[in-house]
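Raw contents of final.txt, compact mmCIF, C-alpha atoms:
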```
# COMPACT_ATOMS: atom_id res chain seq x y z
CA MET A 193 23.26 -0.65 -20.22
CA ASN A 194 25.14 -3.17 -18.12
CA ARG A 195 23.62 -6.15 -16.29
CA ARG A 196 23.65 -4.29 -12.95
CA ASN A 197 21.17 -1.80 -14.33
CA LEU A 198 18.75 -4.36 -15.70
CA PRO A 199 16.75 -4.84 -12.45
CA LEU A 200 16.43 -1.05 -12.09
CA ALA A 201 15.22 -0.73 -15.68
CA LEU A 202 12.68 -3.51 -15.15
CA LEU A 203 11.47 -1.87 -11.93
CA LEU A 204 11.07 1.50 -13.62
CA VAL A 205 9.20 0.12 -16.63
CA SER A 206 6.97 -2.07 -14.41
CA ALA A 207 6.06 0.84 -12.13
CA VAL A 208 5.17 3.13 -15.02
CA LEU A 209 3.22 0.45 -16.90
CA LEU A 210 1.38 -0.65 -13.76
CA SER A 211 0.29 2.88 -12.93
CA ILE A 212 -0.96 3.39 -16.48
CA LEU A 213 -2.77 0.06 -16.86
CA TRP A 214 -4.07 -0.63 -13.32
CA PRO A 215 -6.52 2.33 -13.18
CA ARG A 216 -8.02 1.07 -16.44
CA LEU A 217 -9.15 -2.17 -14.81
CA PRO A 218 -12.85 -2.19 -13.93
CA MET A 219 -13.72 -1.12 -10.39
CA THR A 220 -16.33 -3.10 -8.48
CA GLY A 221 -19.12 -1.27 -6.69
CA ASP A 222 -22.34 0.62 -7.20
CA PRO A 223 -22.07 2.70 -10.38
CA ASP A 224 -24.57 5.28 -9.09
CA PRO A 225 -24.86 5.35 -5.27
CA LEU A 226 -26.41 8.83 -5.35
CA ALA A 227 -29.52 7.36 -6.98
CA ARG A 228 -30.11 5.37 -3.78
CA ILE A 229 -30.44 8.42 -1.56
CA PRO A 230 -34.14 8.66 -0.70
CA ARG A 231 -36.20 11.52 -2.12
CA GLU A 232 -39.29 10.90 -0.07
CA GLY A 233 -40.27 9.04 3.05
CA ILE A 234 -42.46 9.33 6.11
CA GLY A 235 -42.46 13.05 6.86
CA LEU A 236 -39.71 13.64 4.29
CA LYS A 237 -40.18 15.64 1.10
CA SER A 238 -37.43 16.95 -1.14
CA ARG A 239 -36.65 18.63 -4.42
CA ASP A 240 -33.43 18.79 -6.40
CA VAL A 241 -31.48 22.03 -6.64
CA GLU A 242 -29.59 22.71 -9.84
CA ILE A 243 -25.82 22.44 -9.55
CA SER A 244 -24.25 25.70 -10.69
CA PRO A 245 -21.71 25.80 -13.55
CA ILE A 246 -18.88 26.62 -11.13
CA GLU A 247 -19.84 23.68 -8.91
CA LYS A 248 -19.87 21.42 -11.99
CA LYS A 249 -16.38 22.65 -12.79
CA TRP A 250 -15.20 21.80 -9.25
CA LEU A 251 -16.79 18.35 -9.47
CA GLY A 252 -15.01 17.48 -12.71
CA GLY A 253 -15.85 13.83 -13.31
CA ALA A 254 -17.31 13.37 -9.81
CA ALA A 255 -21.05 13.00 -9.28
CA GLY A 256 -22.93 15.37 -7.03
CA LEU A 257 -26.42 16.20 -5.92
CA LYS A 258 -27.99 19.10 -4.08
CA ARG A 259 -31.39 18.71 -2.56
CA ILE A 260 -33.61 20.84 -0.36
CA PHE A 261 -35.78 18.74 1.90
CA SER A 262 -38.27 19.32 4.64
CA PHE A 263 -38.57 17.19 7.72
CA ARG A 264 -40.66 18.01 10.76
CA SER A 265 -41.35 21.54 9.55
CA ARG A 266 -37.67 22.41 9.13
CA LEU A 267 -35.88 22.96 5.81
CA TRP A 268 -32.38 21.64 5.09
CA LEU A 269 -30.00 21.78 2.16
CA LEU A 270 -28.18 18.52 1.53
CA ALA A 271 -25.18 18.22 -0.81
CA VAL A 272 -23.69 14.80 -1.53
CA THR A 273 -20.54 14.12 -3.55
CA ASP A 274 -19.41 10.80 -4.96
CA GLY A 275 -15.74 11.02 -5.93
CA THR A 276 -15.56 7.62 -7.63
CA ASN A 277 -14.59 9.19 -10.95
CA ASN A 278 -12.67 12.13 -9.50
CA ARG A 279 -11.27 11.60 -6.04
CA GLN A 280 -9.81 15.12 -5.92
CA ALA A 281 -13.35 16.59 -5.92
CA VAL A 282 -13.86 15.22 -2.41
CA HIS A 283 -11.65 16.97 0.11
CA ASP A 284 -11.84 18.49 3.55
CA PRO A 285 -15.13 20.47 3.43
CA THR A 286 -13.63 23.27 5.53
CA TYR A 287 -11.56 24.16 2.42
CA CYS A 288 -14.81 24.89 0.57
CA PHE A 289 -16.10 27.00 3.44
CA LEU A 290 -12.86 29.01 3.56
CA GLY A 291 -13.04 29.39 -0.24
CA GLU A 292 -16.57 30.80 0.12
CA GLY A 293 -15.18 33.49 2.42
CA TRP A 294 -16.21 31.96 5.75
CA LYS A 295 -13.95 32.03 8.78
CA ILE A 296 -14.07 28.82 10.80
CA THR A 297 -14.73 29.60 14.46
CA GLY A 298 -15.29 26.10 15.82
CA LYS A 299 -15.43 22.41 15.01
CA THR A 300 -17.21 19.83 17.14
CA ARG A 301 -17.53 16.10 16.61
CA ILE A 302 -21.11 14.93 17.07
CA PRO A 303 -21.91 11.25 17.77
CA LEU A 304 -24.14 10.00 14.98
CA ALA A 305 -25.73 6.60 14.36
CA GLY A 306 -22.78 4.45 15.42
CA GLY A 307 -20.20 6.89 14.08
CA SER A 308 -19.71 10.63 14.04
CA ALA A 309 -20.29 13.81 12.04
CA MET A 310 -18.43 17.12 12.22
CA SER A 311 -20.27 20.29 13.11
CA VAL A 312 -18.55 23.43 11.81
CA THR A 313 -19.38 26.92 13.07
CA MET A 314 -18.30 29.84 10.89
CA THR A 315 -18.75 33.57 10.39
CA ARG A 316 -18.75 35.85 7.34
CA ASN A 317 -19.48 39.60 7.32
CA GLY A 318 -21.12 39.42 10.73
CA GLU A 319 -23.28 36.45 9.71
CA THR A 320 -22.92 33.18 11.67
CA ALA A 321 -23.66 29.76 10.16
CA ARG A 322 -23.33 26.14 11.15
CA THR A 323 -22.90 23.14 8.90
CA LEU A 324 -22.67 19.43 9.43
CA TYR A 325 -20.62 17.01 7.33
CA TRP A 326 -19.81 13.32 7.39
CA PHE A 327 -18.52 10.58 5.13
CA TYR A 328 -20.48 7.37 4.62
CA ASP A 329 -19.53 4.13 2.89
CA GLY A 330 -22.41 1.96 3.99
CA ALA A 331 -20.89 0.93 7.34
CA ALA A 332 -20.98 3.82 9.84
CA PRO A 333 -20.72 7.58 9.25
CA PHE A 334 -17.34 9.10 10.00
CA SER A 335 -15.96 12.64 10.04
CA SER A 336 -12.23 12.03 9.71
CA VAL A 337 -10.78 13.31 6.44
CA VAL A 338 -7.70 11.12 6.98
CA GLU A 339 -9.95 8.06 7.26
CA PHE A 340 -11.57 9.08 3.98
CA TRP A 341 -8.15 9.39 2.30
CA ILE A 342 -7.08 5.96 3.53
CA LYS A 343 -10.33 4.24 2.54
CA SER A 344 -10.56 5.83 -0.89
CA THR A 345 -6.87 5.20 -1.61
CA VAL A 346 -7.03 1.53 -0.61
CA ARG A 347 -10.24 1.20 -2.63
CA ARG A 348 -8.49 2.45 -5.76
CA ILE A 349 -5.45 0.25 -5.22
CA THR A 350 -7.70 -2.81 -4.77
CA ARG A 351 -10.05 -1.72 -7.57
CA GLY A 352 -13.01 -1.60 -5.21
CA LEU A 353 -12.47 -4.91 -3.40
CA SER A 354 -11.81 -3.14 -0.07
CA GLY A 355 -15.33 -1.64 0.02
CA PRO A 356 -17.57 1.05 -1.44
CA GLU A 357 -16.49 4.62 -2.10
CA PRO A 358 -17.23 6.87 0.92
CA LEU A 359 -19.66 9.63 -0.06
CA LEU A 360 -19.38 13.12 1.38
CA PHE A 361 -22.57 14.54 2.91
CA ILE A 362 -22.85 18.25 3.76
CA LEU A 363 -25.98 19.42 5.56
CA ARG A 364 -27.04 23.02 6.21
CA PRO A 365 -30.26 24.34 7.73
CA VAL A 366 -32.29 26.66 5.53
CA GLY A 367 -33.88 29.38 7.63
CA THR A 368 -33.90 29.12 11.40
CA PRO A 369 -31.13 26.81 12.64
CA PRO A 370 -31.97 24.20 15.27
CA GLU A 371 -31.14 24.96 18.89
CA ASP A 372 -30.04 21.45 19.75
CA TRP A 373 -27.72 20.40 16.93
CA GLN A 374 -26.95 16.97 18.29
CA ALA A 375 -30.64 16.09 18.47
CA ALA A 376 -31.33 17.60 15.05
CA ALA A 377 -28.40 15.79 13.46
CA ASN A 378 -29.45 12.45 14.90
CA GLU A 379 -32.97 13.08 13.70
CA VAL A 380 -32.15 14.08 10.14
CA ALA A 381 -28.91 12.33 9.10
CA PRO A 382 -30.23 8.76 9.63
CA LEU A 383 -32.84 9.47 6.95
CA PHE A 384 -29.99 9.17 4.46
CA LEU A 385 -27.73 6.68 6.19
CA PRO A 386 -29.37 3.29 5.87
CA PHE A 387 -29.45 3.37 2.09
CA PRO A 388 -28.02 0.06 0.92
CA VAL A 389 -24.56 0.46 -0.55
CA GLN A 390 -23.67 -2.32 -2.97
CA LYS A 391 -20.18 -3.71 -2.64
CA MET B 245 35.65 8.78 -11.82
CA ARG B 246 35.00 5.07 -12.25
CA ASP B 247 32.62 5.17 -9.25
CA SER B 248 30.65 8.04 -10.67
CA LEU B 249 30.22 6.08 -13.92
CA LYS B 250 28.60 3.28 -11.94
CA VAL B 251 25.95 5.58 -10.53
CA PRO B 252 22.71 4.91 -12.45
CA TRP B 253 21.97 8.54 -13.23
CA TRP B 254 19.60 7.52 -15.99
CA PHE B 255 17.44 5.95 -13.24
CA PHE B 256 17.52 9.08 -11.08
CA PHE B 257 16.59 11.35 -13.98
CA SER B 258 13.83 8.99 -15.16
CA VAL B 259 12.24 8.95 -11.70
CA ALA B 260 12.66 12.74 -11.43
CA ALA B 261 11.01 13.29 -14.82
CA TRP B 262 8.10 11.02 -13.95
CA GLY B 263 7.78 12.68 -10.53
CA ALA B 264 7.68 16.13 -12.12
CA PHE B 265 5.04 14.96 -14.61
CA LEU B 266 2.81 13.47 -11.89
CA ASN B 267 3.14 16.57 -9.70
CA VAL B 268 2.12 19.12 -12.33
CA GLY B 269 -1.21 19.49 -10.46
CA LEU B 270 0.66 21.38 -7.73
CA LEU B 271 0.79 24.39 -10.03
CA SER B 272 -2.98 24.82 -9.86
CA ALA B 273 -2.88 24.48 -6.05
CA TRP B 274 -0.31 27.27 -5.83
CA ILE B 275 -2.22 29.49 -8.25
CA TYR B 276 -5.85 29.01 -7.23
CA ASP B 277 -5.84 27.97 -3.57
CA PRO B 278 -5.46 31.03 -1.28
CA SER B 279 -3.92 28.84 1.44
CA ASN B 280 -1.18 27.72 -0.99
CA ARG B 281 -0.17 31.06 -2.51
CA PHE B 282 3.40 31.03 -1.19
CA GLY B 283 3.84 27.34 -2.05
CA GLY B 284 5.25 28.14 -5.50
CA LEU B 285 7.82 30.55 -4.08
CA ALA B 286 8.72 28.02 -1.39
CA PHE B 287 9.22 25.38 -4.09
CA VAL B 288 11.57 27.59 -6.11
CA LEU B 289 13.55 28.41 -2.96
CA TRP B 290 13.66 24.73 -2.00
CA LEU B 291 14.84 23.71 -5.47
CA ALA B 292 17.56 26.37 -5.45
CA GLY B 293 18.48 25.44 -1.86
CA CYS B 294 18.84 21.75 -2.75
CA GLY B 295 21.05 22.73 -5.67
CA LEU B 296 23.20 24.93 -3.44
CA VAL B 297 23.64 22.29 -0.74
CA VAL B 298 24.42 19.57 -3.29
CA TRP B 299 26.89 21.76 -5.20
CA SER B 300 28.71 22.93 -2.10
CA ALA B 301 29.30 19.38 -0.80
CA ARG B 302 30.31 17.31 -3.79
CA PRO B 303 30.77 14.50 -4.79
CA VAL B 304 27.13 13.61 -5.16
CA PRO B 305 26.23 10.25 -3.57
CA ALA B 306 24.26 7.49 -5.27
CA ARG B 307 21.34 6.73 -2.97
CA THR B 308 19.75 4.15 -5.23
CA GLY B 309 17.63 2.85 -2.32
CA VAL B 310 16.02 6.30 -1.87
CA TRP B 311 15.42 6.57 -5.61
CA ILE B 312 13.67 3.19 -5.60
CA ALA B 313 11.58 4.31 -2.59
CA SER B 314 10.67 7.45 -4.52
CA LEU B 315 9.61 5.36 -7.52
CA VAL B 316 7.44 3.15 -5.30
CA LEU B 317 5.80 6.22 -3.70
CA LEU B 318 5.04 7.62 -7.16
CA ALA B 319 3.51 4.33 -8.31
CA VAL B 320 1.40 3.82 -5.16
CA GLY B 321 0.35 7.50 -5.23
CA GLU B 322 -0.75 7.12 -8.84
CA LEU B 323 -2.58 3.82 -8.22
CA GLY B 324 -4.34 5.19 -5.13
CA THR B 325 -4.81 8.74 -6.52
CA LEU B 326 -3.13 10.19 -3.44
CA GLN B 327 -1.26 13.36 -4.30
CA ALA B 328 0.53 13.47 -0.94
CA LEU B 329 2.48 10.29 -1.80
CA LYS B 330 3.58 11.71 -5.15
CA GLN B 331 4.74 14.88 -3.40
CA ALA B 332 6.59 12.81 -0.79
CA ALA B 333 8.36 11.02 -3.66
CA LEU B 334 9.68 14.33 -4.96
CA ALA B 335 10.47 15.51 -1.44
CA ILE B 336 12.96 12.69 -0.87
CA LEU B 337 14.29 12.36 -4.41
CA LEU B 338 16.06 15.68 -4.91
CA PRO B 339 17.51 16.05 -1.37
CA SER B 340 18.91 12.51 -1.72
CA LEU B 341 21.70 14.15 -3.74
CA CYS B 342 22.93 15.92 -0.59
CA ARG B 343 26.13 14.21 0.55
CA LYS B 344 25.57 14.63 4.29
CA PRO B 345 22.70 12.50 5.65
CA SER B 346 21.69 15.32 8.03
CA ALA B 347 21.43 17.78 5.11
CA PHE B 348 19.37 15.21 3.20
CA ALA B 349 16.97 14.88 6.16
CA ILE B 350 16.68 18.65 6.67
CA MET B 351 16.03 19.42 2.99
CA ALA B 352 13.49 16.60 2.81
CA LEU B 353 11.77 18.17 5.83
CA ALA B 354 11.94 21.59 4.13
CA SER B 355 9.81 20.21 1.28
CA ALA B 356 6.80 20.38 3.62
CA SER B 357 6.80 24.11 2.83
CA TRP B 358 5.58 23.67 -0.75
CA THR B 359 3.01 20.92 -0.16
CA PRO B 360 -0.73 21.59 0.23
CA ALA B 361 -0.47 19.47 3.40
CA TRP B 362 1.18 22.49 5.09
CA GLY B 363 -1.98 24.60 4.69
CA TRP B 364 -4.21 21.73 5.74
CA VAL B 365 -2.26 20.93 8.92
CA PHE B 366 -2.03 24.58 10.02
CA ASN B 367 -5.68 25.19 9.17
CA GLN B 368 -6.64 22.22 11.35
CA THR B 369 -4.36 23.30 14.18
CA PHE B 370 -4.55 27.09 14.22
CA GLY B 371 -7.48 27.90 11.93
CA THR B 372 -5.12 29.68 9.50
CA PRO B 373 -2.72 28.22 6.90
CA LEU B 374 0.19 30.48 7.98
CA ASP B 375 1.05 30.60 4.29
CA PHE B 376 3.62 33.39 4.68
CA LEU B 377 5.79 31.12 6.84
CA ARG B 378 6.49 28.71 3.96
CA PRO B 379 9.42 30.61 2.36
CA LEU B 380 10.82 31.45 5.80
CA PHE B 381 10.74 27.77 6.76
CA VAL B 382 12.72 26.82 3.63
CA ILE B 383 15.31 29.50 4.33
CA ALA B 384 15.65 28.33 7.96
CA CYS B 385 16.04 24.70 6.82
CA LEU B 386 18.55 25.73 4.15
CA GLY B 387 20.61 27.53 6.81
CA SER B 388 20.52 24.45 9.05
CA ALA B 389 21.49 22.14 6.19
CA ARG B 390 24.45 24.35 5.29
CA LEU B 391 25.60 24.57 8.90
CA THR B 392 25.12 20.91 9.69
CA PRO B 393 28.43 19.15 10.57
CA LYS B 394 30.03 16.72 8.14
```

Give the structure from the file, written as C-alpha cells.
Amino acid sequence: MNRRNLPLALLLVSAVLLSILWPRLPMTGDPDPLARIPREGIGLKSRDVEISPIEKKWLGGAAGLKRIFSFRSRLWLLAVTDGTNNRQAVHDPTYCFLGEGWKITGKTRIPLAGGSAMSVTMTRNGETARTLYWFYDGAAPFSSVVEFWIKSTVRRITRGLSGPEPLLFILRPVGTPPEDWQAAANEVAPLFLPFPVQK
Amino acid sequence: MRDSLKVPWWFFFSVAAWGAFLNVGLLSAWIYDPSNRFGGLAFVLWLAGCGLVVWSARPVPARTGVWIASLVLLAVGELGTLQALKQAALAILLPSLCRKPSAFAIMALASASWTPAWGWVFNQTFGTPLDFLRPLFVIACLGSARLTPK
C-alpha cells in the first residue's frame, strides 16, 4: 500500500471500529420508563394483558406493555413500546395495522396536550375501527414518524445525551368507541403523559 | 493502465463488503413484509442494470469522494441504527462506477425501488405501497441511463 492510500485505510478502519465500539458505550437515561406509566389513579383502574409469543418475537429486545384500563366507564386497550434496546421494533404503527389485515381509510392529526396524536380509521371484513397513536419523550406528544426517527437516531449517536427515548403509545377503545374522539383523546391520553421521564 | 492502478479498488470493495454486511436485514423485509415483496426482484434488476451500464461505458471512473461519502453514511447509519442511511450508502456506491454522471444519478435514483422507504412513502401518499411498480421503475431508469447522452 502506498502513502496515498494510508488516509483511506485509516478512515476505513476508524469507521468500522467506531461503529463496533460506540454502541457498546453506556447510554444515559431511564432504564425502565415503562415502569413509570401509572396503573391506577383517580377514576383510573387497569390490568396488564399478556403479550403474545408473536408480539414478543416482533419486540425482540424492545420492552413492551399492554394494559386494559377503565376511565369514566369506558374501556381502552393501551400498548406502549420502548425501543431503547431494539429501535427496529418501533416503526410506523400503520405498518402493524396493515399487517393485521386492516385497510387504512383515513388519518387525522388530533391536537393533544401541547402536541399531537394521530387518529387512524381502518376497515377489515366490513368491520370499522379507529386507533390513536403518539410518541412521547417527556416533552410533548408527537405523531410524526420522521420526528421519531430523527430523535431516536440522534439519541443513539449521542449515547442518550440528546434526550430520552421516545415511547410509542397505541390506544384503542374496547367496546363502544367514543363519538367525539378529540375530546376522548384529550381526556384519556394525559393520564399517561405527565409521567416523569428521567434524562 | 497506470491510472487504473492508482484507483484504490481495495477501498471500494471494502466499503461494498461492509455495506452488504450491514444491509443483510433487507432480505427479511423483502421476504416477510407484504409491501416489500417486489423489492428483492427490483434489487436484482438494479444490480444487473448497474453492471450493464458500467460495462457498456468503460473505463470505470474512480469516484473516491462518493466512496468516502458511502463509508460515512454506513458509519452514521450504524451508530444511529438508521437502516435508511445504510441503504443510501449502497445506493450511491455501486452506481458511482457509471462513467457518465447522469447515468450515476439515474441509477442512484433507481435504488429507491428496492428500499422499504418506497412502500412507506407510497403508503403515506396513496394508501397502497404500489409494490408492483418497483421492477418497472428500475427498468425505466435503466433505459434512461442507457440513453443518457455522454

Select from chain A every residue with an atom at most 6 Å from any atom of chain B, then for each give the shortest pair of atoms and their distance in Å to one decimal, using all atoms listed in the file, rows by chain and rising number, as JSON lines.
```
{"residue": "A:Ala207", "atom": "CA", "partner": "B:Ala319", "partner_atom": "CA", "distance": 5.8}
{"residue": "A:Ser211", "atom": "CA", "partner": "B:Leu323", "partner_atom": "CA", "distance": 5.6}
{"residue": "A:Thr345", "atom": "CA", "partner": "B:Gly324", "partner_atom": "CA", "distance": 4.3}
{"residue": "A:Arg348", "atom": "CA", "partner": "B:Gly324", "partner_atom": "CA", "distance": 5.0}
{"residue": "A:Ile349", "atom": "CA", "partner": "B:Gly324", "partner_atom": "CA", "distance": 5.1}
```

Nearest to Val298 in chain B, chosen from B:Ile275, B:Leu317, B:Ile383, B:Met351, with all atoms listed in the file counted in the distances
B:Met351

Within-6 Å shell of (-15.9, 8.5, -11.8) in input frame, all atoms listed in the file, as a PyMOL selection string
chain A and resi 253-254+276-278

Excluding Trp250 in chain A and its own-chain neighbours fewer than 3 positions away, which residues fall within 7 Å of it when counting only C-alpha atoms? Please give them as an mmCIF file with C-alpha atoms, in the coordinates of the input.
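So the final result, stored in result-v1.cif, reads:
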```cif
data_model
loop_
_atom_site.group_PDB
_atom_site.id
_atom_site.type_symbol
_atom_site.label_atom_id
_atom_site.label_comp_id
_atom_site.auth_asym_id
_atom_site.auth_seq_id
_atom_site.Cartn_x
_atom_site.Cartn_y
_atom_site.Cartn_z
ATOM 1 C CA ILE A 246 -18.880 26.620 -11.130
ATOM 2 C CA GLU A 247 -19.840 23.680 -8.910
ATOM 3 C CA ALA A 281 -13.350 16.590 -5.920
#
```

For Leu391 in chain B: contacts at 10 Å, all atoms listed in the file, fewer than 5 positions along chain excluded, given as a VMD selection string:
chain B and resid 347 385 to 386

Quick one: pull the distance between CA of Phe263 in chain A and CA of Leu324 in chain A, Å, one decimal.
16.1 Å

Quick one: residues within 9 Å of Ala301 in chain B, all atoms listed in the file, excluding same-chain residues fewer than 3 positions away - as a list in words?
Leu296, Val297, Val298, Val304, Cys342, Arg343 and Lys344 of chain B

Point out the residue among A:Leu217, A:Val241, A:Ala332, A:Leu353 with the least atom-to-atom distance to Phe261 in chain A, counting only C-alpha atoms.
A:Val241

If we draw a sphere of 10 Å around (9.6, 31.0, 3.8), which residues have at least one atom in it when counting only C-alpha atoms? Please report them as a ChimeraX atom specification.
/B:282-283,285-287,289-290,354,357-358,375-385

For CA of Leu334 in chain B and CA of Glu357 in chain A, the interatomic separation in Å (one decimal):
28.1 Å

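The space between CA of Ala333 in chain B and CA of Val310 in chain B spans 9.2 Å.
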
Arg264 in chain A: which residues within 12 Å, counting all atoms listed in the file, same-chain residues fewer than 4 positions away excluded, as a PyMOL selection string?
chain A and resi 233-237+268+370+376+379-380

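Using only C-alpha atoms, the smallest distance between any of A:Val282, A:Val366, A:Leu198, A:Leu383 and Arg231 in chain A comes from A:Leu383.
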
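The closest residue to Arg307 in chain B, picked from B:Ser346, B:Ser340, B:Thr392, B:Asn280 and counting only C-alpha atoms, is B:Ser340.
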
Residue with the minimum atom-to-atom distance to Thr286 in chain A, picked from A:Leu267, A:Val337, A:Gly355, A:Leu257 with all atoms listed in the file counted, is A:Val337

Can you sort out range 306-315 of chain B so it carries all heavy atoms, written as an mmCIF file, keeping the file's coordinate frame?
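This is the output file selection-v7.cif:
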```cif
data_model
loop_
_atom_site.group_PDB
_atom_site.id
_atom_site.type_symbol
_atom_site.label_atom_id
_atom_site.label_comp_id
_atom_site.auth_asym_id
_atom_site.auth_seq_id
_atom_site.Cartn_x
_atom_site.Cartn_y
_atom_site.Cartn_z
ATOM 1 N N ALA B 306 25.277 8.279 -4.553
ATOM 2 C CA ALA B 306 24.260 7.490 -5.270
ATOM 3 C C ALA B 306 23.387 6.799 -4.236
ATOM 4 O O ALA B 306 23.777 5.785 -3.679
ATOM 5 C CB ALA B 306 24.925 6.472 -6.174
ATOM 6 N N ARG B 307 22.247 7.367 -3.940
ATOM 7 C CA ARG B 307 21.340 6.730 -2.970
ATOM 8 C C ARG B 307 20.266 5.983 -3.760
ATOM 9 O O ARG B 307 19.088 6.383 -3.778
ATOM 10 C CB ARG B 307 20.715 7.784 -2.055
ATOM 11 C CG ARG B 307 21.714 8.390 -1.076
ATOM 12 C CD ARG B 307 20.994 8.987 0.126
ATOM 13 N NE ARG B 307 21.944 9.381 1.148
ATOM 14 C CZ ARG B 307 22.493 10.594 1.236
ATOM 15 N NH1 ARG B 307 22.193 11.519 0.354
ATOM 16 N NH2 ARG B 307 23.346 10.879 2.200
ATOM 17 N N THR B 308 20.669 4.905 -4.365
ATOM 18 C CA THR B 308 19.750 4.150 -5.230
ATOM 19 C C THR B 308 18.535 3.668 -4.440
ATOM 20 O O THR B 308 17.424 3.620 -4.970
ATOM 21 C CB THR B 308 20.481 2.956 -5.877
ATOM 22 O OG1 THR B 308 21.762 3.408 -6.319
ATOM 23 C CG2 THR B 308 19.722 2.428 -7.069
ATOM 24 N N GLY B 309 18.744 3.317 -3.158
ATOM 25 C CA GLY B 309 17.630 2.850 -2.320
ATOM 26 C C GLY B 309 16.544 3.928 -2.181
ATOM 27 O O GLY B 309 15.348 3.646 -2.253
ATOM 28 N N VAL B 310 16.979 5.189 -1.990
ATOM 29 C CA VAL B 310 16.020 6.300 -1.870
ATOM 30 C C VAL B 310 15.307 6.512 -3.198
ATOM 31 O O VAL B 310 14.099 6.785 -3.243
ATOM 32 C CB VAL B 310 16.749 7.594 -1.428
ATOM 33 C CG1 VAL B 310 15.782 8.769 -1.369
ATOM 34 C CG2 VAL B 310 17.412 7.399 -0.074
ATOM 35 N N TRP B 311 16.039 6.370 -4.290
ATOM 36 C CA TRP B 311 15.420 6.570 -5.610
ATOM 37 C C TRP B 311 14.371 5.502 -5.874
ATOM 38 O O TRP B 311 13.320 5.789 -6.445
ATOM 39 C CB TRP B 311 16.490 6.559 -6.710
ATOM 40 C CG TRP B 311 17.565 7.593 -6.485
ATOM 41 C CD1 TRP B 311 17.515 8.650 -5.616
ATOM 42 C CD2 TRP B 311 18.842 7.659 -7.113
ATOM 43 N NE1 TRP B 311 18.689 9.360 -5.663
ATOM 44 C CE2 TRP B 311 19.527 8.789 -6.576
ATOM 45 C CE3 TRP B 311 19.490 6.897 -8.071
ATOM 46 C CZ2 TRP B 311 20.804 9.147 -6.974
ATOM 47 C CZ3 TRP B 311 20.770 7.260 -8.480
ATOM 48 C CH2 TRP B 311 21.420 8.371 -7.932
ATOM 49 N N ILE B 312 14.658 4.270 -5.434
ATOM 50 C CA ILE B 312 13.670 3.190 -5.600
ATOM 51 C C ILE B 312 12.441 3.489 -4.720
ATOM 52 O O ILE B 312 11.295 3.338 -5.157
ATOM 53 C CB ILE B 312 14.283 1.817 -5.240
ATOM 54 C CG1 ILE B 312 15.327 1.435 -6.290
ATOM 55 C CG2 ILE B 312 13.204 0.737 -5.154
ATOM 56 C CD1 ILE B 312 16.126 0.185 -5.954
ATOM 57 N N ALA B 313 12.690 3.954 -3.489
ATOM 58 C CA ALA B 313 11.580 4.310 -2.590
ATOM 59 C C ALA B 313 10.720 5.410 -3.225
ATOM 60 O O ALA B 313 9.484 5.387 -3.148
ATOM 61 C CB ALA B 313 12.122 4.769 -1.239
ATOM 62 N N SER B 314 11.385 6.353 -3.857
ATOM 63 C CA SER B 314 10.670 7.450 -4.520
ATOM 64 C C SER B 314 9.802 6.915 -5.656
ATOM 65 O O SER B 314 8.641 7.329 -5.819
ATOM 66 C CB SER B 314 11.705 8.448 -5.044
ATOM 67 O OG SER B 314 11.082 9.517 -5.671
ATOM 68 N N LEU B 315 10.364 5.970 -6.417
ATOM 69 C CA LEU B 315 9.610 5.360 -7.520
ATOM 70 C C LEU B 315 8.374 4.619 -6.991
ATOM 71 O O LEU B 315 7.283 4.725 -7.559
ATOM 72 C CB LEU B 315 10.531 4.375 -8.273
ATOM 73 C CG LEU B 315 9.898 3.631 -9.442
ATOM 74 C CD1 LEU B 315 9.623 4.569 -10.605
ATOM 75 C CD2 LEU B 315 10.792 2.487 -9.908
#
```
